[in-house]
Every structure is written in C-alpha cells, then in structure tokens.
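Pasted below: target-v8.txt, compact mmCIF, C-alpha atoms.
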# COMPACT_ATOMS: atom_id res chain seq x y z
CA MET A 348 86.79 49.23 178.97
CA PRO A 349 85.09 45.81 178.78
CA LEU A 350 85.85 43.33 181.52
CA SER A 351 88.20 40.46 180.83
CA LEU A 352 86.66 37.01 181.16
CA GLN A 353 88.57 36.51 184.42
CA ASN A 354 87.34 39.82 185.83
CA ALA A 355 83.77 39.03 184.78
CA TYR A 356 84.01 35.64 186.48
CA ASP A 357 85.40 37.19 189.67
CA LEU A 358 82.63 39.81 189.69
CA MET A 359 79.98 37.11 189.29
CA GLN A 360 81.37 35.33 192.32
CA SER A 361 81.66 38.43 194.51
CA ASP A 362 78.67 40.58 193.50
CA LEU A 363 76.09 38.90 191.28
CA GLU A 364 73.82 41.95 191.08
CA GLU A 365 76.64 44.18 189.83
CA PHE A 366 77.76 41.45 187.42
CA LEU A 367 74.27 41.28 185.89
CA ASN A 368 74.09 45.06 185.57
CA ARG A 369 77.46 45.16 183.85
CA VAL A 370 77.50 41.98 181.72
CA PRO A 371 74.88 40.94 179.15
CA ILE A 372 74.59 37.18 179.61
CA THR A 373 72.84 34.29 177.90
CA ILE A 374 72.13 31.16 179.91
CA SER A 375 71.71 27.79 178.25
CA GLY A 376 69.48 25.17 179.83
CA ALA A 377 70.68 21.78 181.01
CA GLY A 378 67.66 19.77 179.92
CA SER A 379 65.99 17.91 182.76
CA LYS A 380 69.07 18.07 185.00
CA VAL A 381 68.68 19.68 188.41
CA LYS A 382 70.74 20.33 191.52
CA ALA A 383 74.56 20.31 191.15
CA VAL A 384 75.08 20.94 187.42
CA GLN A 385 78.51 22.18 186.31
CA TYR A 386 78.33 25.49 184.43
CA TYR A 387 81.06 27.49 182.66
CA LEU A 388 81.35 31.19 181.81
CA SER A 389 82.66 32.00 178.32
CA ASP A 390 82.74 34.79 175.71
CA THR A 391 80.29 34.83 172.79
CA GLY A 392 82.50 36.98 170.55
CA TYR A 393 79.81 39.67 170.36
CA SER A 394 79.23 42.92 172.21
CA SER A 395 76.17 44.62 173.68
CA PHE A 396 75.62 47.30 176.30
CA GLY A 397 75.61 46.70 180.01
CA LYS A 398 75.30 49.38 182.67
CA ILE A 399 77.78 50.98 185.04
CA LYS A 400 76.05 53.09 187.69
CA GLY A 401 73.00 53.24 185.43
CA MET A 402 74.88 54.43 182.34
CA PRO A 403 75.27 52.30 179.18
CA SER A 404 78.69 50.73 178.78
CA LYS A 405 79.79 48.51 175.91
CA GLU A 406 80.60 45.03 177.16
CA ILE A 407 81.38 41.60 175.78
CA ARG A 408 78.35 39.33 175.89
CA ARG A 409 78.94 36.24 177.98
CA ARG A 410 77.52 32.74 177.86
CA PHE A 411 76.77 30.63 180.93
CA SER A 412 76.37 27.01 179.89
CA THR A 413 77.22 23.41 180.65
CA MET A 414 79.61 23.31 177.68
CA ASN A 415 83.32 23.77 178.32
CA TYR A 416 84.45 25.55 175.16
CA GLY A 417 88.12 25.58 176.19
CA SER A 418 88.50 29.32 176.85
CA THR A 419 86.13 29.33 179.81
CA LYS A 420 86.07 30.02 183.54
CA GLY A 421 84.63 27.49 185.93
CA PRO A 422 83.18 25.09 186.59
CA VAL A 423 80.54 26.63 188.82
CA SER A 424 78.27 24.23 190.69
CA CYS A 425 74.81 25.53 189.89
CA ILE A 426 71.28 24.45 190.74
CA HIS A 427 69.51 24.22 187.40
CA ILE A 428 65.75 24.82 187.22
CA PRO A 429 64.40 22.91 184.18
CA VAL A 430 61.48 24.08 182.04
CA THR A 431 58.01 22.58 182.54
CA SER A 432 55.25 23.17 179.98
CA PHE A 433 52.05 24.57 181.49
CA ASP A 434 50.05 21.60 180.22
CA LYS A 435 52.43 19.28 182.16
CA LEU A 436 52.19 21.31 185.36
CA THR A 437 51.53 19.30 188.53
CA SER A 438 51.80 19.98 192.25
CA ASP A 439 55.31 18.49 192.10
CA SER A 440 56.61 20.67 189.24
CA PHE A 441 59.29 22.45 191.25
CA VAL A 442 62.88 22.10 192.43
CA ARG A 443 63.19 22.20 196.22
CA VAL A 444 66.37 23.79 197.55
CA ASN A 445 67.45 23.63 201.17
CA GLY A 446 70.58 23.71 203.30
CA TYR A 447 71.61 20.25 202.14
CA ASN A 448 72.20 21.54 198.60
CA THR A 449 75.84 22.56 198.36
CA SER A 450 75.60 24.71 195.20
CA ASN A 451 75.66 28.46 195.81
CA PHE A 452 74.37 29.51 192.38
CA LEU A 453 71.04 28.97 190.68
CA CYS A 454 69.98 29.47 187.08
CA THR A 455 67.49 28.58 184.38
CA THR A 456 67.37 29.12 180.62
CA GLN A 457 66.30 32.52 179.23
CA LEU A 458 62.73 33.73 179.77
CA SER A 459 61.02 34.93 176.58
CA GLY A 460 57.40 34.34 177.55
CA CYS A 461 57.80 31.91 180.45
CA THR A 462 57.24 32.45 184.17
CA PHE A 463 59.77 31.89 186.94
CA ALA A 464 58.20 31.34 190.36
CA VAL A 465 59.50 31.07 193.93
CA ARG A 466 57.88 30.11 197.22
CA LYS A 467 59.17 29.27 200.67
CA ASN A 468 58.14 26.28 202.75
CA LYS A 469 59.22 24.68 206.02
CA ASP A 470 61.86 22.55 204.24
CA GLY A 471 63.44 25.21 202.02
CA LEU A 472 62.54 27.06 198.82
CA ASP A 473 60.65 25.86 195.75
CA PHE A 474 61.64 27.16 192.31
CA THR A 475 59.92 26.47 188.99
CA HIS A 476 60.11 27.63 185.35
CA ILE A 477 56.81 27.30 183.47
CA GLN A 478 56.45 27.60 179.69
CA PRO A 479 53.21 28.81 178.11
CA THR A 480 51.34 26.79 175.49
CA ASP A 481 49.45 27.64 172.30
CA THR A 482 46.27 28.08 174.29
CA VAL A 483 47.58 29.41 177.63
CA HIS A 484 49.75 32.43 176.97
CA GLY A 485 52.49 34.08 179.01
CA PRO A 486 50.40 36.59 180.99
CA GLN A 487 47.89 33.86 181.89
CA VAL A 488 50.70 31.62 183.16
CA GLN A 489 52.11 34.47 185.26
CA GLN A 490 48.72 35.15 186.82
CA HIS A 491 48.05 31.45 187.47
CA MET A 492 51.38 30.89 189.22
CA ALA A 493 50.82 33.97 191.39
CA GLN A 494 47.96 32.13 193.07
CA SER A 495 50.26 29.55 194.70
CA TYR A 496 53.76 31.10 194.64
CA GLU A 497 55.15 34.03 196.60
CA VAL A 498 56.95 35.29 193.48
CA SER A 499 55.52 34.85 189.98
CA PHE A 500 57.76 36.65 187.50
CA GLY A 501 56.53 36.38 183.91
CA ARG A 502 55.21 38.02 180.78
CA GLY A 503 53.02 41.08 181.24
CA GLN A 504 52.23 44.48 179.78
CA VAL A 505 55.20 46.28 181.36
CA SER A 506 58.61 45.57 182.89
CA ASP A 507 58.00 46.37 186.54
CA GLY A 508 59.84 43.83 188.71
CA THR A 509 56.97 41.34 188.53
CA THR A 510 56.51 41.11 184.77
CA TYR A 511 58.45 41.78 181.58
CA ALA A 512 56.98 43.34 178.47
CA ALA A 513 56.87 42.08 174.88
CA GLY A 514 60.18 42.59 173.06
CA THR A 515 62.04 41.90 176.29
CA SER A 516 63.77 38.72 177.44
CA VAL A 517 65.08 37.94 180.89
CA THR A 518 68.07 36.17 182.41
CA ILE A 519 67.46 34.66 185.85
CA MET A 520 70.32 33.96 188.25
CA GLY A 521 70.47 33.44 191.99
CA GLN A 522 73.24 33.32 194.54
CA ARG A 523 73.37 32.05 198.11
CA LYS A 524 75.43 34.09 200.55
CA ASN A 525 75.51 33.44 204.28
CA ASN A 526 73.11 30.60 203.53
CA LEU A 527 70.43 32.96 202.19
CA TRP A 528 69.27 33.18 198.57
CA GLU A 529 68.86 36.26 196.40
CA VAL A 530 67.43 35.88 192.90
CA PHE A 531 67.89 38.52 190.20
CA ALA A 532 66.31 39.21 186.81
CA GLN A 533 68.33 40.87 184.05
CA TYR A 534 66.06 42.57 181.49
CA GLN A 535 67.41 42.55 177.91
CA ASP A 536 66.13 44.13 174.71
CA THR A 537 66.08 42.40 171.31
CA ASP A 538 69.75 43.32 170.76
CA LYS A 539 70.65 41.75 174.13
CA ASN A 540 71.49 45.08 175.72
CA VAL A 541 70.91 45.22 179.48
CA LEU A 542 67.87 47.34 180.28
CA GLY A 543 68.06 46.85 184.03
CA VAL A 544 68.34 44.37 186.89
CA VAL A 545 65.88 43.74 189.70
CA CYS A 546 65.98 41.48 192.75
CA ILE A 547 62.84 39.36 192.42
CA TYR A 548 63.38 37.35 195.61
CA LYS A 549 65.43 37.91 198.76
CA GLU A 550 65.27 35.21 201.41
CA PRO A 551 64.55 36.59 204.89
CA SER A 552 67.27 35.93 207.43
CA SER A 553 64.71 34.43 209.81
CA VAL A 554 64.43 31.33 207.62
CA ALA A 555 68.11 30.50 207.26
CA TYR A 556 68.71 26.75 207.15
CA VAL A 557 71.34 24.80 209.05
CA THR A 558 73.96 23.11 206.86
Would you mind writing the file's structure down as structure tokens?
Amino acid sequence: MPLSLQNAYDLMQSDLEEFLNRVPITISGAGSKVKAVQYYLSDTGYSSFGKIKGMPSKEIRRRFSTMNYGSTKGPVSCIHIPVTSFDKLTSDSFVRVNGYNTSNFLCTTQLSGCTFAVRKNKDGLDFTHIQPTDTVHGPQVQQHMAQSYEVSFGRGQVSDGTTYAAGTSVTIMGQRKNNLWEVFAQYQDTDKNVLGVVCIYKEPSSVAYVT
C-alpha cells in the first residue's frame, strides 16, 4: 500500500535512504538561493514504482519544492545547491556548509546530464552542481570535476555509484545526523520509477564540526 503523505514525510525525517528507495521524488530548484531555504513535500497526483527491500512497489510520486501547495508537509529548512553552468565555473562556484549552518537537509534540482560534486576542507564541506554546455558535455564535466573534488557524480556510460547512464535522471538529497552529512542519489528511469539508491558521500566522524 502506498505511503500517506504524512508517513512519507516522517520516513524522510527518520531514514532518508529508505525514503528515497521507497518514494519516487522530483526536486524543484530554488534559483540562486542557498543555505536555509524552506521546502515542502507534496503529492504530484501520479504514481511510479519505488522499492521495498529491493522489490518494485507502486508508490505515489512526491514533489519537494519551495511552493506550498496547501496539501503539503513542512516546511523543511534545506540547504539548496544552485546550478552553475560549466562556462561560468570559477574557483568560488560552490556552497560551503559547516557547523554554523542550522539546516539538516540538503538538495538540488534533478540531474539529467549535470554533475554534483563534494569535497571536504578545513572549514566544512563544499557542494556544487555543474551544468554542461553545448560544447562541454556531461561526461566531460564529470571528469573535469573529479580532478578537484572528492566526489564527482555525473553523466557517464553506466550507472555505477559515480556516474549515471543516458535515459536515467537522478535526485540528490542529503541529511545531517549527529552533525555528519550523508548524501544520496536516487536513480530514476524515464517513467520516474526508482531504479536504485546509492550513498555518494558519507562524512567521516573524524571531521565532525562543533556547533
């Protein structure tokens, strides 16, 4: 039986990885906004397949956006990672997150050719979402970002935890628990069915920050 909106919201709060396995979700961007952006979970009115213990299970598709449609759950304070075009990429094209950020969730708009990258530094974690151009395509962006970021998750030939193949889109969400971040990627097919979920970054406990 599909989860109610309340149950889906509660699962997102308690176990993000299980939520992403179970619930097909579309995330809307928040433009250039970063840091504490208010997001809401709502129903789309459509169904796709999620997974319960690896088996397909029909589920209501959910939307995570800054719009309060009335029948929503939230708000959830969320660090939003805006999109930067590759031709606008500079050494400062990242969002730095540390213990002074109070939001415990992180998100960015859907990946359908872009690269999401993560690196640690002495002051926290840097996150960035880079969009390919007409001349620099998705796999090239992924390979370029891998040169300077610990995690470079983008378009590739296969879906293997580092890349995602053509015909596949990805939802990125992160959650901070015990002051440590985990970031997950939800693979979706063209019908928005969940193909799988991988943890693309798990912050080591040795670099926990004091709040």
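The shortest atom-to-atom distance to Ser412 (chain A), with only C-alpha atoms taken into account, belongs to A:Ile374 out of A:Asn445, A:Val384, A:Ser424, A:Ile374.
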At a cut-off of 7 Å, using all atoms listed in the file, what residues contact His427 (chain A)? Leave out same-chain residues fewer than 2 positions from it and give the result as an NGL selection string.
:A and (377 or 380-382 or 384 or 425 or 429 or 453-455)
Just-selected residues, C-alpha atoms written as a PDB file, in the coordinates of the input:
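Saved to selection.pdb:
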ATOM      1  CA  ALA A 377      70.680  21.780 181.010  1.00  0.00           C
ATOM      2  CA  LYS A 380      69.070  18.070 185.000  1.00  0.00           C
ATOM      3  CA  VAL A 381      68.680  19.680 188.410  1.00  0.00           C
ATOM      4  CA  LYS A 382      70.740  20.330 191.520  1.00  0.00           C
ATOM      5  CA  VAL A 384      75.080  20.940 187.420  1.00  0.00           C
ATOM      6  CA  CYS A 425      74.810  25.530 189.890  1.00  0.00           C
ATOM      7  CA  PRO A 429      64.400  22.910 184.180  1.00  0.00           C
ATOM      8  CA  LEU A 453      71.040  28.970 190.680  1.00  0.00           C
ATOM      9  CA  CYS A 454      69.980  29.470 187.080  1.00  0.00           C
ATOM     10  CA  THR A 455      67.490  28.580 184.380  1.00  0.00           C
TER      11      THR A 455
END
So, counting only C-alpha atoms, which residue among A:Gln360, A:Thr480, A:Asp470, A:Asp536 is closest to Gly521 (chain A)?
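Looking only at the distances to Gly521 (chain A), the closest residue turns out to be A:Gln360.
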Give the answer as one residue: which of A:Tyr548, A:Phe433, A:Phe500, A:Phe452 has the shortest atom-to-atom distance to Gln385 (chain A), using all atoms listed in the file?
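That would be A:Phe452, the residue with the smallest distance to Gln385 (chain A).
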Closest of A:Glu406, A:Thr509, A:Lys398, A:Tyr393 to Leu350 (chain A), counting all atoms listed in the file, is A:Glu406
Within 12 Å of Asp473 (chain A), counting all atoms listed in the file, which residues show up once you throw out same-chain ones fewer than 4 positions away? Write them as a ChimeraX atom specification, please.
/A:426,428,438-445,453,463-469,495-499,528,548,550
Selection from above, C-alpha atoms, as an mmCIF file, keeping the file's coordinate frame, can you write it?
data_model
loop_
_atom_site.group_PDB
_atom_site.id
_atom_site.type_symbol
_atom_site.label_atom_id
_atom_site.label_comp_id
_atom_site.auth_asym_id
_atom_site.auth_seq_id
_atom_site.Cartn_x
_atom_site.Cartn_y
_atom_site.Cartn_z
ATOM 1 C CA ILE A 426 71.280 24.450 190.740
ATOM 2 C CA ILE A 428 65.750 24.820 187.220
ATOM 3 C CA SER A 438 51.800 19.980 192.250
ATOM 4 C CA ASP A 439 55.310 18.490 192.100
ATOM 5 C CA SER A 440 56.610 20.670 189.240
ATOM 6 C CA PHE A 441 59.290 22.450 191.250
ATOM 7 C CA VAL A 442 62.880 22.100 192.430
ATOM 8 C CA ARG A 443 63.190 22.200 196.220
ATOM 9 C CA VAL A 444 66.370 23.790 197.550
ATOM 10 C CA ASN A 445 67.450 23.630 201.170
ATOM 11 C CA LEU A 453 71.040 28.970 190.680
ATOM 12 C CA PHE A 463 59.770 31.890 186.940
ATOM 13 C CA ALA A 464 58.200 31.340 190.360
ATOM 14 C CA VAL A 465 59.500 31.070 193.930
ATOM 15 C CA ARG A 466 57.880 30.110 197.220
ATOM 16 C CA LYS A 467 59.170 29.270 200.670
ATOM 17 C CA ASN A 468 58.140 26.280 202.750
ATOM 18 C CA LYS A 469 59.220 24.680 206.020
ATOM 19 C CA SER A 495 50.260 29.550 194.700
ATOM 20 C CA TYR A 496 53.760 31.100 194.640
ATOM 21 C CA GLU A 497 55.150 34.030 196.600
ATOM 22 C CA VAL A 498 56.950 35.290 193.480
ATOM 23 C CA SER A 499 55.520 34.850 189.980
ATOM 24 C CA TRP A 528 69.270 33.180 198.570
ATOM 25 C CA TYR A 548 63.380 37.350 195.610
ATOM 26 C CA GLU A 550 65.270 35.210 201.410
#
May I ask for the distance between CA of Ser404 (chain A) and CA of Asn451 (chain A), given in Å to one decimal place?
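Rounded to one decimal, the two atoms are 28.2 Å apart.
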Between A:Gly378, A:Gly417, A:Pro422, A:Pro349, which has the minimum distance to Lys405 (chain A) (counting all atoms listed in the file)?
A:Pro349
Give me the residues within 9 Å of Ala532 (chain A) as number ranges by chain, counting all atoms listed in the file and dropping any in the same chain fewer than 4 places off.
A: 367, 500, 508, 517-521, 543-547
Keeping C-alpha atoms, export the residues of the selection given above as a PDB file, in the coordinates of the input.
ATOM      1  CA  LEU A 367      74.270  41.280 185.890  1.00  0.00           C
ATOM      2  CA  PHE A 500      57.760  36.650 187.500  1.00  0.00           C
ATOM      3  CA  GLY A 508      59.840  43.830 188.710  1.00  0.00           C
ATOM      4  CA  VAL A 517      65.080  37.940 180.890  1.00  0.00           C
ATOM      5  CA  THR A 518      68.070  36.170 182.410  1.00  0.00           C
ATOM      6  CA  ILE A 519      67.460  34.660 185.850  1.00  0.00           C
ATOM      7  CA  MET A 520      70.320  33.960 188.250  1.00  0.00           C
ATOM      8  CA  GLY A 521      70.470  33.440 191.990  1.00  0.00           C
ATOM      9  CA  GLY A 543      68.060  46.850 184.030  1.00  0.00           C
ATOM     10  CA  VAL A 544      68.340  44.370 186.890  1.00  0.00           C
ATOM     11  CA  VAL A 545      65.880  43.740 189.700  1.00  0.00           C
ATOM     12  CA  CYS A 546      65.980  41.480 192.750  1.00  0.00           C
ATOM     13  CA  ILE A 547      62.840  39.360 192.420  1.00  0.00           C
TER      14      ILE A 547
END
Calculate how many Å separate CA of Leu358 (chain A) from CA of Glu529 (chain A), rounding to one decimal.
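That distance, rounded to one decimal, is 15.7 Å.
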For CA of Gly501 (chain A) and CA of Ser379 (chain A), the interatomic separation in Å (one decimal)
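Computed distance, CA of Gly501 (chain A) to CA of Ser379 (chain A), equals 20.8 Å.
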Pick from A:Glu365, A:Phe474, A:Tyr356, A:Asp390 nearest to Tyr416 (chain A), counting all atoms listed in the file
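Once distances to Tyr416 (chain A) are computed over all atoms listed in the file, the minimum belongs to A:Asp390.
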Identify the residues around (58.1, 29.0, 181.1) within a radius of 6 Å, measuring from all atoms listed in the file in the coordinates stated by the file, and give them as a ChimeraX atom specification.
/A:461-462,476-479
